[in-house]
Each structure stands twice: as C-alpha cells, then as structure tokens.
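To be precise, the following lines are data20.pdb, and they hold PDB, C-alpha atoms, pLDDT in the B column.
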```
ATOM      1  CA  MET A   1      71.758 -49.872 202.913  1.00 59.00           C
ATOM      2  CA  SER A   2      70.531 -47.477 200.199  1.00 78.00           C
ATOM      3  CA  ARG A   3      66.860 -46.932 199.493  1.00 85.00           C
ATOM      4  CA  PRO A   4      65.035 -49.378 197.213  1.00 94.00           C
ATOM      5  CA  THR A   5      65.194 -48.638 193.501  1.00 97.00           C
ATOM      6  CA  ALA A   6      62.840 -48.907 190.540  1.00 98.00           C
ATOM      7  CA  PHE A   7      64.496 -49.808 187.220  1.00 98.00           C
ATOM      8  CA  TYR A   8      62.707 -48.972 183.969  1.00 98.00           C
ATOM      9  CA  ASP A   9      63.091 -49.945 180.341  1.00 97.00           C
ATOM     10  CA  LEU A  10      62.098 -47.096 178.005  1.00 96.00           C
ATOM     11  CA  GLU A  11      60.862 -47.939 174.489  1.00 94.00           C
ATOM     12  CA  GLY A  12      57.496 -49.667 174.569  1.00 94.00           C
ATOM     13  CA  THR A  13      57.432 -49.402 178.361  1.00 97.00           C
ATOM     14  CA  LEU A  14      57.230 -45.673 179.058  1.00 97.00           C
ATOM     15  CA  ILE A  15      57.035 -44.333 175.485  1.00 97.00           C
ATOM     16  CA  ARG A  16      55.407 -45.658 172.315  1.00 95.00           C
ATOM     17  CA  THR A  17      58.375 -44.909 170.031  1.00 88.00           C
ATOM     18  CA  ASN A  18      61.446 -47.072 169.491  1.00 83.00           C
ATOM     19  CA  LEU A  19      65.005 -46.817 168.184  1.00 81.00           C
ATOM     20  CA  VAL A  20      63.855 -46.906 164.558  1.00 78.00           C
ATOM     21  CA  HIS A  21      61.760 -43.761 165.091  1.00 82.00           C
ATOM     22  CA  THR A  22      64.851 -42.011 166.471  1.00 86.00           C
ATOM     23  CA  LEU A  23      66.934 -43.083 163.491  1.00 81.00           C
ATOM     24  CA  GLY A  24      64.216 -41.841 161.158  1.00 80.00           C
ATOM     25  CA  PHE A  25      64.193 -38.427 162.838  1.00 84.00           C
ATOM     26  CA  PHE A  26      67.958 -38.038 162.473  1.00 82.00           C
ATOM     27  CA  ALA A  27      67.776 -39.242 158.872  1.00 80.00           C
ATOM     28  CA  ARG A  28      65.253 -36.539 157.999  1.00 81.00           C
ATOM     29  CA  ASN A  29      67.622 -33.938 159.406  1.00 81.00           C
ATOM     30  CA  GLN A  30      70.943 -35.420 158.285  1.00 72.00           C
ATOM     31  CA  PRO A  31      71.510 -35.744 154.500  1.00 66.00           C
ATOM     32  CA  GLY A  32      74.325 -38.260 154.942  1.00 60.00           C
ATOM     33  CA  LEU A  33      72.280 -40.478 157.203  1.00 58.00           C
ATOM     34  CA  LEU A  34      69.334 -40.289 154.812  1.00 52.00           C
ATOM     35  CA  ARG A  35      71.566 -41.523 151.959  1.00 55.00           C
ATOM     36  CA  SER A  36      72.745 -44.389 154.157  1.00 51.00           C
ATOM     37  CA  LEU A  37      69.189 -45.453 154.885  1.00 49.00           C
ATOM     38  CA  GLY A  38      68.323 -45.053 151.200  1.00 51.00           C
ATOM     39  CA  LYS A  39      70.984 -47.599 150.307  1.00 45.00           C
ATOM     40  CA  THR A  40      69.605 -49.878 153.004  1.00 44.00           C
ATOM     41  CA  ALA A  41      66.079 -49.624 151.642  1.00 44.00           C
ATOM     42  CA  ARG A  42      67.226 -50.353 148.096  1.00 40.00           C
ATOM     43  CA  THR A  43      68.732 -53.634 149.267  1.00 35.00           C
ATOM     44  CA  ALA A  44      65.545 -54.497 151.188  1.00 36.00           C
ATOM     45  CA  LEU A  45      67.289 -53.956 154.538  1.00 44.00           C
ATOM     46  CA  SER A  46      64.569 -51.693 155.865  1.00 49.00           C
ATOM     47  CA  VAL A  47      62.381 -51.510 158.948  1.00 50.00           C
ATOM     48  CA  PRO A  48      61.097 -55.115 158.588  1.00 52.00           C
ATOM     49  CA  LEU A  49      64.684 -56.337 158.782  1.00 50.00           C
ATOM     50  CA  PHE A  50      65.307 -54.293 161.916  1.00 51.00           C
ATOM     51  CA  VAL A  51      62.242 -55.921 163.466  1.00 51.00           C
ATOM     52  CA  ALA A  52      63.308 -59.416 162.415  1.00 48.00           C
ATOM     53  CA  ALA A  53      66.856 -58.847 163.676  1.00 45.00           C
ATOM     54  CA  ASP A  54      65.559 -57.627 167.029  1.00 50.00           C
ATOM     55  CA  LEU A  55      63.415 -60.725 167.412  1.00 45.00           C
ATOM     56  CA  TYR A  56      66.377 -62.946 166.523  1.00 43.00           C
ATOM     57  CA  SER A  57      69.089 -61.231 168.559  1.00 52.00           C
ATOM     58  CA  ARG A  58      69.438 -57.822 170.157  1.00 59.00           C
ATOM     59  CA  LYS A  59      73.182 -57.998 169.385  1.00 61.00           C
ATOM     60  CA  VAL A  60      72.448 -58.517 165.666  1.00 60.00           C
ATOM     61  CA  PHE A  61      69.933 -55.669 165.775  1.00 67.00           C
ATOM     62  CA  ASN A  62      72.530 -53.352 167.307  1.00 66.00           C
ATOM     63  CA  SER A  63      75.122 -54.172 164.652  1.00 63.00           C
ATOM     64  CA  LEU A  64      72.600 -53.412 161.885  1.00 71.00           C
ATOM     65  CA  TYR A  65      71.045 -50.376 163.499  1.00 79.00           C
ATOM     66  CA  PHE A  66      73.882 -48.316 164.956  1.00 86.00           C
ATOM     67  CA  ARG A  67      76.185 -48.672 161.949  1.00 85.00           C
ATOM     68  CA  HIS A  68      73.930 -46.182 160.149  1.00 83.00           C
ATOM     69  CA  TYR A  69      75.295 -43.455 162.401  1.00 88.00           C
ATOM     70  CA  ALA A  70      78.808 -43.939 161.005  1.00 88.00           C
ATOM     71  CA  GLY A  71      80.261 -40.701 159.651  1.00 89.00           C
ATOM     72  CA  GLN A  72      77.793 -38.448 161.478  1.00 90.00           C
ATOM     73  CA  SER A  73      78.993 -35.378 163.360  1.00 91.00           C
ATOM     74  CA  GLU A  74      78.778 -35.665 167.133  1.00 94.00           C
ATOM     75  CA  ASP A  75      78.039 -31.952 167.442  1.00 94.00           C
ATOM     76  CA  ARG A  76      75.177 -32.161 164.932  1.00 91.00           C
ATOM     77  CA  LEU A  77      73.660 -35.243 166.566  1.00 92.00           C
ATOM     78  CA  ARG A  78      73.736 -33.632 169.998  1.00 94.00           C
ATOM     79  CA  TYR A  79      72.268 -30.421 168.612  1.00 93.00           C
ATOM     80  CA  LEU A  80      69.357 -32.325 167.049  1.00 92.00           C
ATOM     81  CA  ALA A  81      68.733 -34.308 170.239  1.00 94.00           C
ATOM     82  CA  GLN A  82      66.761 -31.447 171.783  1.00 94.00           C
ATOM     83  CA  GLU A  83      64.478 -31.297 168.732  1.00 94.00           C
ATOM     84  CA  LEU A  84      64.104 -35.077 168.930  1.00 94.00           C
ATOM     85  CA  PHE A  85      62.880 -34.708 172.497  1.00 96.00           C
ATOM     86  CA  GLU A  86      60.412 -31.931 171.673  1.00 96.00           C
ATOM     87  CA  GLU A  87      59.035 -33.377 168.424  1.00 93.00           C
ATOM     88  CA  VAL A  88      59.219 -37.144 168.895  1.00 94.00           C
ATOM     89  CA  LEU A  89      59.897 -38.369 172.426  1.00 96.00           C
ATOM     90  CA  ARG A  90      57.933 -36.127 174.761  1.00 96.00           C
ATOM     91  CA  PRO A  91      54.696 -36.487 172.750  1.00 96.00           C
ATOM     92  CA  ALA A  92      55.216 -40.267 172.804  1.00 96.00           C
ATOM     93  CA  VAL A  93      55.217 -40.689 176.598  1.00 97.00           C
ATOM     94  CA  PHE A  94      52.369 -42.984 177.620  1.00 97.00           C
ATOM     95  CA  PRO A  95      49.781 -41.213 179.816  1.00 94.00           C
ATOM     96  CA  GLY A  96      50.156 -43.837 182.523  1.00 97.00           C
ATOM     97  CA  ALA A  97      53.932 -43.421 182.657  1.00 97.00           C
ATOM     98  CA  TYR A  98      53.682 -40.170 184.584  1.00 97.00           C
ATOM     99  CA  GLU A  99      51.359 -41.754 187.133  1.00 96.00           C
ATOM    100  CA  LEU A 100      53.633 -44.788 187.565  1.00 97.00           C
ATOM    101  CA  LEU A 101      56.714 -42.633 188.094  1.00 97.00           C
ATOM    102  CA  ASP A 102      54.919 -40.300 190.487  1.00 97.00           C
ATOM    103  CA  LYS A 103      53.706 -43.250 192.556  1.00 95.00           C
ATOM    104  CA  ALA A 104      57.255 -44.614 192.796  1.00 96.00           C
ATOM    105  CA  ARG A 105      58.531 -41.219 193.933  1.00 95.00           C
ATOM    106  CA  ARG A 106      55.855 -41.028 196.623  1.00 95.00           C
ATOM    107  CA  LEU A 107      57.031 -44.430 197.854  1.00 94.00           C
ATOM    108  CA  GLY A 108      60.552 -43.012 198.137  1.00 95.00           C
ATOM    109  CA  LEU A 109      62.027 -45.219 195.419  1.00 96.00           C
ATOM    110  CA  ARG A 110      65.152 -44.213 193.579  1.00 96.00           C
ATOM    111  CA  GLN A 111      64.328 -44.029 189.861  1.00 97.00           C
ATOM    112  CA  VAL A 112      66.759 -45.480 187.310  1.00 98.00           C
ATOM    113  CA  LEU A 113      66.297 -45.605 183.533  1.00 98.00           C
ATOM    114  CA  VAL A 114      68.049 -48.548 181.847  1.00 97.00           C
ATOM    115  CA  THR A 115      67.740 -48.263 178.077  1.00 95.00           C
ATOM    116  CA  GLY A 116      69.293 -49.431 174.838  1.00 91.00           C
ATOM    117  CA  ALA A 117      68.758 -45.968 173.347  1.00 93.00           C
ATOM    118  CA  LEU A 118      71.707 -43.637 172.816  1.00 94.00           C
ATOM    119  CA  ASP A 119      72.636 -41.534 175.831  1.00 96.00           C
ATOM    120  CA  PHE A 120      72.442 -38.137 174.135  1.00 96.00           C
ATOM    121  CA  THR A 121      69.006 -38.939 172.671  1.00 95.00           C
ATOM    122  CA  VAL A 122      67.400 -39.570 176.068  1.00 96.00           C
ATOM    123  CA  GLU A 123      69.110 -37.015 178.315  1.00 97.00           C
ATOM    124  CA  ALA A 124      66.301 -34.453 177.984  1.00 97.00           C
ATOM    125  CA  LEU A 125      63.588 -37.108 178.354  1.00 97.00           C
ATOM    126  CA  SER A 126      65.262 -38.557 181.450  1.00 98.00           C
ATOM    127  CA  ALA A 127      65.312 -35.107 183.046  1.00 97.00           C
ATOM    128  CA  HIS A 128      61.711 -34.455 181.989  1.00 97.00           C
ATOM    129  CA  LEU A 129      60.529 -37.680 183.626  1.00 97.00           C
ATOM    130  CA  GLY A 130      62.552 -36.991 186.776  1.00 97.00           C
ATOM    131  CA  PHE A 131      64.913 -39.953 186.797  1.00 98.00           C
ATOM    132  CA  ASP A 132      67.647 -39.980 189.430  1.00 96.00           C
ATOM    133  CA  ASP A 133      70.019 -41.992 187.218  1.00 96.00           C
ATOM    134  CA  CYS A 134      70.137 -43.066 183.586  1.00 97.00           C
ATOM    135  CA  VAL A 135      72.293 -45.639 181.819  1.00 97.00           C
ATOM    136  CA  ALA A 136      72.121 -45.884 178.028  1.00 96.00           C
ATOM    137  CA  ASN A 137      74.163 -46.978 175.046  1.00 94.00           C
ATOM    138  CA  ARG A 138      77.046 -44.782 173.919  1.00 95.00           C
ATOM    139  CA  LEU A 139      78.217 -44.295 170.361  1.00 94.00           C
ATOM    140  CA  GLU A 140      81.932 -44.380 169.687  1.00 96.00           C
ATOM    141  CA  PHE A 141      83.206 -41.076 168.295  1.00 97.00           C
ATOM    142  CA  VAL A 142      86.657 -40.549 166.810  1.00 97.00           C
ATOM    143  CA  GLY A 143      87.563 -36.963 166.045  1.00 96.00           C
ATOM    144  CA  ARG A 144      83.947 -36.060 166.963  1.00 95.00           C
ATOM    145  CA  VAL A 145      82.655 -38.306 164.154  1.00 95.00           C
ATOM    146  CA  ALA A 146      80.606 -41.454 164.844  1.00 94.00           C
ATOM    147  CA  THR A 147      82.173 -44.769 163.880  1.00 94.00           C
ATOM    148  CA  GLY A 148      78.866 -46.659 163.945  1.00 91.00           C
ATOM    149  CA  ARG A 149      80.038 -48.813 166.857  1.00 91.00           C
ATOM    150  CA  LEU A 150      78.890 -48.830 170.463  1.00 92.00           C
ATOM    151  CA  LEU A 151      81.156 -48.478 173.461  1.00 93.00           C
ATOM    152  CA  PRO A 152      80.871 -51.317 175.983  1.00 91.00           C
ATOM    153  CA  PRO A 153      78.881 -52.274 177.904  1.00 90.00           C
ATOM    154  CA  VAL A 154      76.118 -52.577 175.315  1.00 88.00           C
ATOM    155  CA  MET A 155      72.776 -52.156 177.085  1.00 90.00           C
ATOM    156  CA  ALA A 156      70.684 -55.072 175.849  1.00 85.00           C
ATOM    157  CA  SER A 157      69.072 -58.164 177.345  1.00 82.00           C
ATOM    158  CA  ALA A 158      71.319 -59.843 179.919  1.00 88.00           C
ATOM    159  CA  THR A 159      73.748 -56.908 179.936  1.00 91.00           C
ATOM    160  CA  LYS A 160      71.059 -54.748 181.531  1.00 94.00           C
ATOM    161  CA  ALA A 161      70.744 -57.284 184.344  1.00 95.00           C
ATOM    162  CA  SER A 162      74.528 -57.380 184.805  1.00 95.00           C
ATOM    163  CA  TRP A 163      74.655 -53.590 185.002  1.00 96.00           C
ATOM    164  CA  ILE A 164      71.840 -53.535 187.579  1.00 96.00           C
ATOM    165  CA  ARG A 165      73.612 -56.149 189.687  1.00 96.00           C
ATOM    166  CA  CYS A 166      76.840 -54.126 189.682  1.00 96.00           C
ATOM    167  CA  PHE A 167      74.920 -50.922 190.393  1.00 96.00           C
ATOM    168  CA  ALA A 168      73.165 -52.540 193.349  1.00 96.00           C
ATOM    169  CA  GLU A 169      76.433 -53.864 194.789  1.00 95.00           C
ATOM    170  CA  ARG A 170      78.116 -50.481 194.413  1.00 95.00           C
ATOM    171  CA  GLU A 171      75.210 -48.565 195.955  1.00 94.00           C
ATOM    172  CA  GLY A 172      74.412 -51.094 198.678  1.00 94.00           C
ATOM    173  CA  ILE A 173      70.936 -51.823 197.316  1.00 95.00           C
ATOM    174  CA  ASN A 174      69.010 -54.983 198.213  1.00 96.00           C
ATOM    175  CA  LEU A 175      67.513 -56.165 194.917  1.00 97.00           C
ATOM    176  CA  SER A 176      64.799 -58.096 196.754  1.00 96.00           C
ATOM    177  CA  ASP A 177      63.320 -54.711 197.708  1.00 96.00           C
ATOM    178  CA  CYS A 178      63.563 -53.305 194.171  1.00 97.00           C
ATOM    179  CA  PHE A 179      61.142 -52.970 191.257  1.00 98.00           C
ATOM    180  CA  ALA A 180      61.643 -53.421 187.511  1.00 98.00           C
ATOM    181  CA  TYR A 181      59.410 -52.587 184.555  1.00 98.00           C
ATOM    182  CA  SER A 182      59.625 -53.667 180.916  1.00 97.00           C
ATOM    183  CA  ASP A 183      57.468 -54.525 177.922  1.00 96.00           C
ATOM    184  CA  SER A 184      59.772 -57.088 176.325  1.00 92.00           C
ATOM    185  CA  MET A 185      60.715 -60.708 176.909  1.00 92.00           C
ATOM    186  CA  SER A 186      64.286 -59.679 176.066  1.00 90.00           C
ATOM    187  CA  ASP A 187      64.372 -57.949 179.469  1.00 94.00           C
ATOM    188  CA  LEU A 188      63.418 -61.083 181.394  1.00 95.00           C
ATOM    189  CA  PRO A 189      66.885 -61.238 183.079  1.00 95.00           C
ATOM    190  CA  MET A 190      66.353 -57.695 184.411  1.00 95.00           C
ATOM    191  CA  LEU A 191      62.851 -58.480 185.646  1.00 97.00           C
ATOM    192  CA  ALA A 192      63.769 -61.796 187.219  1.00 95.00           C
ATOM    193  CA  MET A 193      66.532 -60.374 189.415  1.00 95.00           C
ATOM    194  CA  VAL A 194      64.365 -57.990 191.463  1.00 97.00           C
ATOM    195  CA  GLY A 195      61.803 -58.727 194.129  1.00 97.00           C
ATOM    196  CA  HIS A 196      59.016 -56.789 192.410  1.00 97.00           C
ATOM    197  CA  PRO A 197      58.966 -57.233 188.606  1.00 98.00           C
ATOM    198  CA  ALA A 198      56.115 -55.955 186.444  1.00 98.00           C
ATOM    199  CA  ALA A 199      55.247 -56.451 182.788  1.00 98.00           C
ATOM    200  CA  VAL A 200      54.234 -53.157 181.148  1.00 97.00           C
ATOM    201  CA  ASN A 201      52.354 -53.177 177.827  1.00 96.00           C
ATOM    202  CA  PRO A 202      53.909 -56.638 177.423  1.00 95.00           C
ATOM    203  CA  ASP A 203      54.560 -58.627 174.287  1.00 92.00           C
ATOM    204  CA  MET A 204      52.889 -62.050 174.111  1.00 94.00           C
ATOM    205  CA  SER A 205      55.846 -63.975 175.522  1.00 94.00           C
ATOM    206  CA  LEU A 206      56.343 -61.650 178.466  1.00 95.00           C
ATOM    207  CA  ARG A 207      52.599 -61.578 179.193  1.00 96.00           C
ATOM    208  CA  ALA A 208      52.556 -65.375 179.371  1.00 97.00           C
ATOM    209  CA  THR A 209      55.590 -65.368 181.657  1.00 97.00           C
ATOM    210  CA  ALA A 210      54.063 -62.689 183.904  1.00 97.00           C
ATOM    211  CA  GLU A 211      50.811 -64.647 184.185  1.00 97.00           C
ATOM    212  CA  ARG A 212      52.716 -67.825 185.003  1.00 96.00           C
ATOM    213  CA  HIS A 213      54.659 -66.108 187.814  1.00 96.00           C
ATOM    214  CA  ASP A 214      51.765 -63.927 188.972  1.00 97.00           C
ATOM    215  CA  TRP A 215      53.610 -60.681 188.194  1.00 97.00           C
ATOM    216  CA  PRO A 216      51.593 -57.475 187.825  1.00 97.00           C
ATOM    217  CA  ILE A 217      50.661 -56.619 184.229  1.00 98.00           C
ATOM    218  CA  LEU A 218      50.295 -52.886 183.610  1.00 97.00           C
ATOM    219  CA  ASN A 219      48.835 -51.003 180.685  1.00 96.00           C
ATOM    220  CA  LEU A 220      50.196 -47.440 180.527  1.00 96.00           C
ATOM    221  CA  ARG A 221      48.756 -46.579 177.095  1.00 91.00           C
TER     222      ARG A 221
END
```
Entire entry expressed as structure tokens:
Amino acid sequence: MSRPTAFYDLEGTLIRTNLVHTLGFFARNQPGLLRSLGKTARTALSVPLFVAADLYSRKVFNSLYFRHYAGQSEDRLRYLAQELFEEVLRPAVFPGAYELLDKARRLGLRQVLVTGALDFTVEALSAHLGFDDCVANRLEFVGRVATGRLLPPVMASATKASWIRCFAEREGINLSDCFAYSDSMSDLPMLAMVGHPAAVNPDMSLRATAERHDWPILNLR
C-alpha cells in the first residue's frame, strides 16, 4: 500500500488568483487574444458572464473560457508561462499555503495538485510549491496552434473525483487515509471521497457543508 496522499485544488485554495486572471495576463501579451476578448466585451460577454457561467456549470464555463485561446501559438503560450508564474501566480500564493504544504510533507504525505488550470500555466508553480504530482487541463493543439478545446478528461467537479479514484487504484492508495483541500462547493465530490476533507477559504455553500459534517475549515489568507 502506498503512502497516504493529500489532494489540493489550486485557485482560491492555495492562491488568490483564478483562471480569468491567467487569461487576462495572456491577453495583455498576445495581440490576437486581446482582440478576441475585446469582441467578447463588446457583446457583454465579459468577466461577469464567466462568473455566472461558473456558478451555473463548470462545463459551460470551460466552453466559454478556453475557446478564447483558439488560434494562439503553443510556443508563445509556453514561453509566456514563466512570466505568468513570476508576475501573477507566485505573488498570489496565500501565506498559509506554504505552512499547510510543509505540514503535510512533515507527515509524510504525498502531495498532488488537482486543478482546472492549464498544465503549462501551473508547471512552474507546482514545482515551486513542491508537489509530487500534478494533473491539470490540457489544451488541444493542432500544428502547434490552439483549437480552443480541451483534451479529455476535463478537470472539473466530479471529474476530479473520478481521476483521484483511478489514481488511488493505480497507486494502491487507501482513500480513507487521504486528505483533500478545496475552497469551492464544486469540489464536493473530491472532498467527500477522502477520509480527511477540509474546506479552505470556503464559499458559503461549502462552509455550510463543512460545518454540517464537522470538517476542518481553514483560512490560508
């Protein structure tokens, strides 16, 4: 049996930024992406819509959000990812995140990041935070140009829980001994499948659920 594992959501849990901040960074550095977002804004499909779509359905949010990457160069996106880490992501890590991760390491837990962010955008951050494994969403590229679609499996909501279950079976991990951390009610399936769930900087729905089940509630801000 492999050692127990701690599974972490990223945005809102360990860092204060979200996918929209990442898109905004790339837009400022990619003229084509900026034009795409400009068209979106002119039709009132701006940040408030992203928020509303995320509340309604993470699948709907993904279809609206990731399509803006269509036509972007893979090489350029990967090149900018290091600047994204230095300018946006690393400064956004919650102070308490380092302490939480260090405590888990001292307990001998395997550390796994499970995020809906794009893989190339979080590679540097994952290494910086010392994760043993990282699973993230992957853009489809054809001829090294983004199509605006995601490759399956799409990391969101119940899919995260399915991935964790498969990971645990493959690695011989007993989920009853594992930990999971998230800020969002959308990750309830992930939290509910481990023996030690915790709500981190939780939204109102997740806070109520955590209180009802007597789960730890952490504030890493």
Counting all atoms listed in the file, the option among A:Leu107, A:Val88, A:Leu23, A:Leu150 closest to A:Phe179: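 Counting all atoms listed in the file, the residue closest to A:Phe179 is A:Leu107.
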Selected residue of minimal separation from A:Ala192 among A:Arg3, A:Arg165, A:Arg138, A:Arg149, counting all atoms listed in the file: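 Closest candidate: A:Arg165.
Minimum atom-to-atom distance to A:Asp102, evaluated using only C-alpha atoms, belongs to A:Leu129 out of A:Leu129, A:Leu64, A:Ala156, A:Val135.
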Around stretch 141-146 of chain A, fit a box with edges along x, y and z, padding it by 6 Å on each side, then list its centre and edge lengths in Å to one decimal as lines of an AutoDock Vina configuration file.
```
center_x = 84.1
center_y = -38.8
center_z = 166.2
size_x = 19.0
size_y = 17.4
size_z = 16.1
```
For stretch 121-127 of chain A: contacts at 7 Å, only C-alpha atoms, fewer than 3 positions along chain excluded, given as a PyMOL selection string: chain A and resi 81-82+85+90+118+130-131+134
Mind writing the picked residues with C-alpha atoms as a compact mmCIF listing (two decimals), keeping the file's coordinate frame?
```txt
# COMPACT_ATOMS: atom_id res chain seq x y z
CA ALA A 81 68.73 -34.31 170.24
CA GLN A 82 66.76 -31.45 171.78
CA PHE A 85 62.88 -34.71 172.50
CA ARG A 90 57.93 -36.13 174.76
CA LEU A 118 71.71 -43.64 172.82
CA GLY A 130 62.55 -36.99 186.78
CA PHE A 131 64.91 -39.95 186.80
CA CYS A 134 70.14 -43.07 183.59
```
Atom CA of A:Ala70 to atom CA of A:Thr147, straight-line distance in Å: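 Atom CA of A:Ala70 lies 4.5 Å from atom CA of A:Thr147.
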Name the residues captured by the PyMOL selection byres ((chain A and resi 154) around 10) when it is applied to the shown file; answer as a PDB file with C-alpha atoms, in the frame of the given file.
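Generated output (selection.pdb):
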```
ATOM      1  CA  ARG A  58      69.438 -57.822 170.157  1.00 59.00           C
ATOM      2  CA  LYS A  59      73.182 -57.998 169.385  1.00 61.00           C
ATOM      3  CA  ASN A  62      72.530 -53.352 167.307  1.00 66.00           C
ATOM      4  CA  THR A 115      67.740 -48.263 178.077  1.00 95.00           C
ATOM      5  CA  GLY A 116      69.293 -49.431 174.838  1.00 91.00           C
ATOM      6  CA  ALA A 136      72.121 -45.884 178.028  1.00 96.00           C
ATOM      7  CA  ASN A 137      74.163 -46.978 175.046  1.00 94.00           C
ATOM      8  CA  ARG A 138      77.046 -44.782 173.919  1.00 95.00           C
ATOM      9  CA  LEU A 139      78.217 -44.295 170.361  1.00 94.00           C
ATOM     10  CA  LEU A 150      78.890 -48.830 170.463  1.00 92.00           C
ATOM     11  CA  LEU A 151      81.156 -48.478 173.461  1.00 93.00           C
ATOM     12  CA  PRO A 152      80.871 -51.317 175.983  1.00 91.00           C
ATOM     13  CA  PRO A 153      78.881 -52.274 177.904  1.00 90.00           C
ATOM     14  CA  MET A 155      72.776 -52.156 177.085  1.00 90.00           C
ATOM     15  CA  ALA A 156      70.684 -55.072 175.849  1.00 85.00           C
ATOM     16  CA  SER A 157      69.072 -58.164 177.345  1.00 82.00           C
ATOM     17  CA  ALA A 158      71.319 -59.843 179.919  1.00 88.00           C
ATOM     18  CA  THR A 159      73.748 -56.908 179.936  1.00 91.00           C
ATOM     19  CA  LYS A 160      71.059 -54.748 181.531  1.00 94.00           C
ATOM     20  CA  TRP A 163      74.655 -53.590 185.002  1.00 96.00           C
TER      21      TRP A 163
END
```
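Counting all atoms listed in the file, the residue from A:Leu206, A:Thr5, A:Gly195, A:Leu14 that sits nearest to A:Leu100 is A:Leu14.
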One-decimal distance in Å that lies between atom CA of A:Asn174 and atom CA of A:Tyr8: 16.7 Å
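Coordinates place atom CA of A:His213 at a distance of 9.9 Å from atom CA of A:Pro197.
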Residues returned when the PyMOL selection byres ((chain A and resi 220) around 10) runs on this file, as a list in words: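 This file gives the following for the PyMOL selection byres ((chain A and resi 220) around 10): Gly12, Thr13, Leu14, Ile15, Arg16, Val93, Phe94, Pro95, Gly96, Ala97, Tyr98, Glu99, Leu100, Val200, Asn201, Ile217, Leu218, Asn219 and Arg221 of chain A.
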Exercise: A:Cys178 partners within 12 Å, only C-alpha atoms, chain neighbours under 2 positions left out, as an MDAnalysis selection string: chainID A and resid 2:8 104 107:112 164:165 168 172:176 180:181 190:198
Nearest to A:Met185 by atom-to-atom distance, counting all atoms listed in the file, from A:Asp203, A:Glu83, A:Glu171, A:Asp75: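 Result for the nearest residue to A:Met185: A:Asp203.
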Can you translate the PyMOL selection byres ((chain A and resi 144) around 10) into the concrete residues it hits in this file, as a PDB file with C-alpha atoms, keeping the file's coordinate frame?
```pdb
ATOM      1  CA  GLY A  71      80.261 -40.701 159.651  1.00 89.00           C
ATOM      2  CA  GLN A  72      77.793 -38.448 161.478  1.00 90.00           C
ATOM      3  CA  SER A  73      78.993 -35.378 163.360  1.00 91.00           C
ATOM      4  CA  GLU A  74      78.778 -35.665 167.133  1.00 94.00           C
ATOM      5  CA  ASP A  75      78.039 -31.952 167.442  1.00 94.00           C
ATOM      6  CA  ARG A  76      75.177 -32.161 164.932  1.00 91.00           C
ATOM      7  CA  GLU A 140      81.932 -44.380 169.687  1.00 96.00           C
ATOM      8  CA  PHE A 141      83.206 -41.076 168.295  1.00 97.00           C
ATOM      9  CA  VAL A 142      86.657 -40.549 166.810  1.00 97.00           C
ATOM     10  CA  GLY A 143      87.563 -36.963 166.045  1.00 96.00           C
ATOM     11  CA  VAL A 145      82.655 -38.306 164.154  1.00 95.00           C
ATOM     12  CA  ALA A 146      80.606 -41.454 164.844  1.00 94.00           C
ATOM     13  CA  THR A 147      82.173 -44.769 163.880  1.00 94.00           C
TER      14      THR A 147
END
```
Residue nearest A:Asp9 among A:Ser186, A:Leu89, A:Asp214, A:Met204 (counting all atoms listed in the file): A:Ser186
Just add N, CA and C atoms to stretch 176-190 of chain A and send it as a tab-separated table (two decimals), keeping the file's coordinate frame.
```tsv
chain	number	residue	atom	x	y	z
A	176	SER	N	66.08	-57.50	196.36
A	176	SER	CA	64.80	-58.10	196.75
A	176	SER	C	63.76	-57.02	197.06
A	177	ASP	N	64.23	-55.82	197.39
A	177	ASP	CA	63.32	-54.71	197.71
A	177	ASP	C	63.04	-53.83	196.49
A	178	CYS	N	63.63	-54.17	195.35
A	178	CYS	CA	63.56	-53.30	194.17
A	178	CYS	C	62.47	-53.71	193.20
A	179	PHE	N	62.18	-52.79	192.27
A	179	PHE	CA	61.14	-52.97	191.26
A	179	PHE	C	61.79	-52.88	189.86
A	180	ALA	N	61.18	-53.53	188.89
A	180	ALA	CA	61.64	-53.42	187.51
A	180	ALA	C	60.45	-53.48	186.58
A	181	TYR	N	60.53	-52.71	185.49
A	181	TYR	CA	59.41	-52.59	184.56
A	181	TYR	C	59.92	-52.70	183.12
A	182	SER	N	59.27	-53.54	182.33
A	182	SER	CA	59.62	-53.67	180.92
A	182	SER	C	58.46	-54.25	180.13
A	183	ASP	N	58.51	-54.00	178.82
A	183	ASP	CA	57.47	-54.52	177.92
A	183	ASP	C	57.92	-55.76	177.17
A	184	SER	N	59.20	-56.10	177.25
A	184	SER	CA	59.77	-57.09	176.32
A	184	SER	C	60.34	-58.31	177.03
A	185	MET	N	60.15	-59.46	176.39
A	185	MET	CA	60.72	-60.71	176.91
A	185	MET	C	62.24	-60.64	176.92
A	186	SER	N	62.83	-59.79	176.08
A	186	SER	CA	64.29	-59.68	176.07
A	186	SER	C	64.82	-59.14	177.38
A	187	ASP	N	63.96	-58.49	178.17
A	187	ASP	CA	64.37	-57.95	179.47
A	187	ASP	C	64.04	-58.88	180.62
A	188	LEU	N	63.73	-60.13	180.33
A	188	LEU	CA	63.42	-61.08	181.39
A	188	LEU	C	64.54	-61.18	182.43
A	189	PRO	N	65.84	-61.19	182.05
A	189	PRO	CA	66.89	-61.24	183.08
A	189	PRO	C	66.81	-60.07	184.06
A	190	MET	N	66.48	-58.87	183.56
A	190	MET	CA	66.35	-57.70	184.41
A	190	MET	C	65.17	-57.85	185.36
```
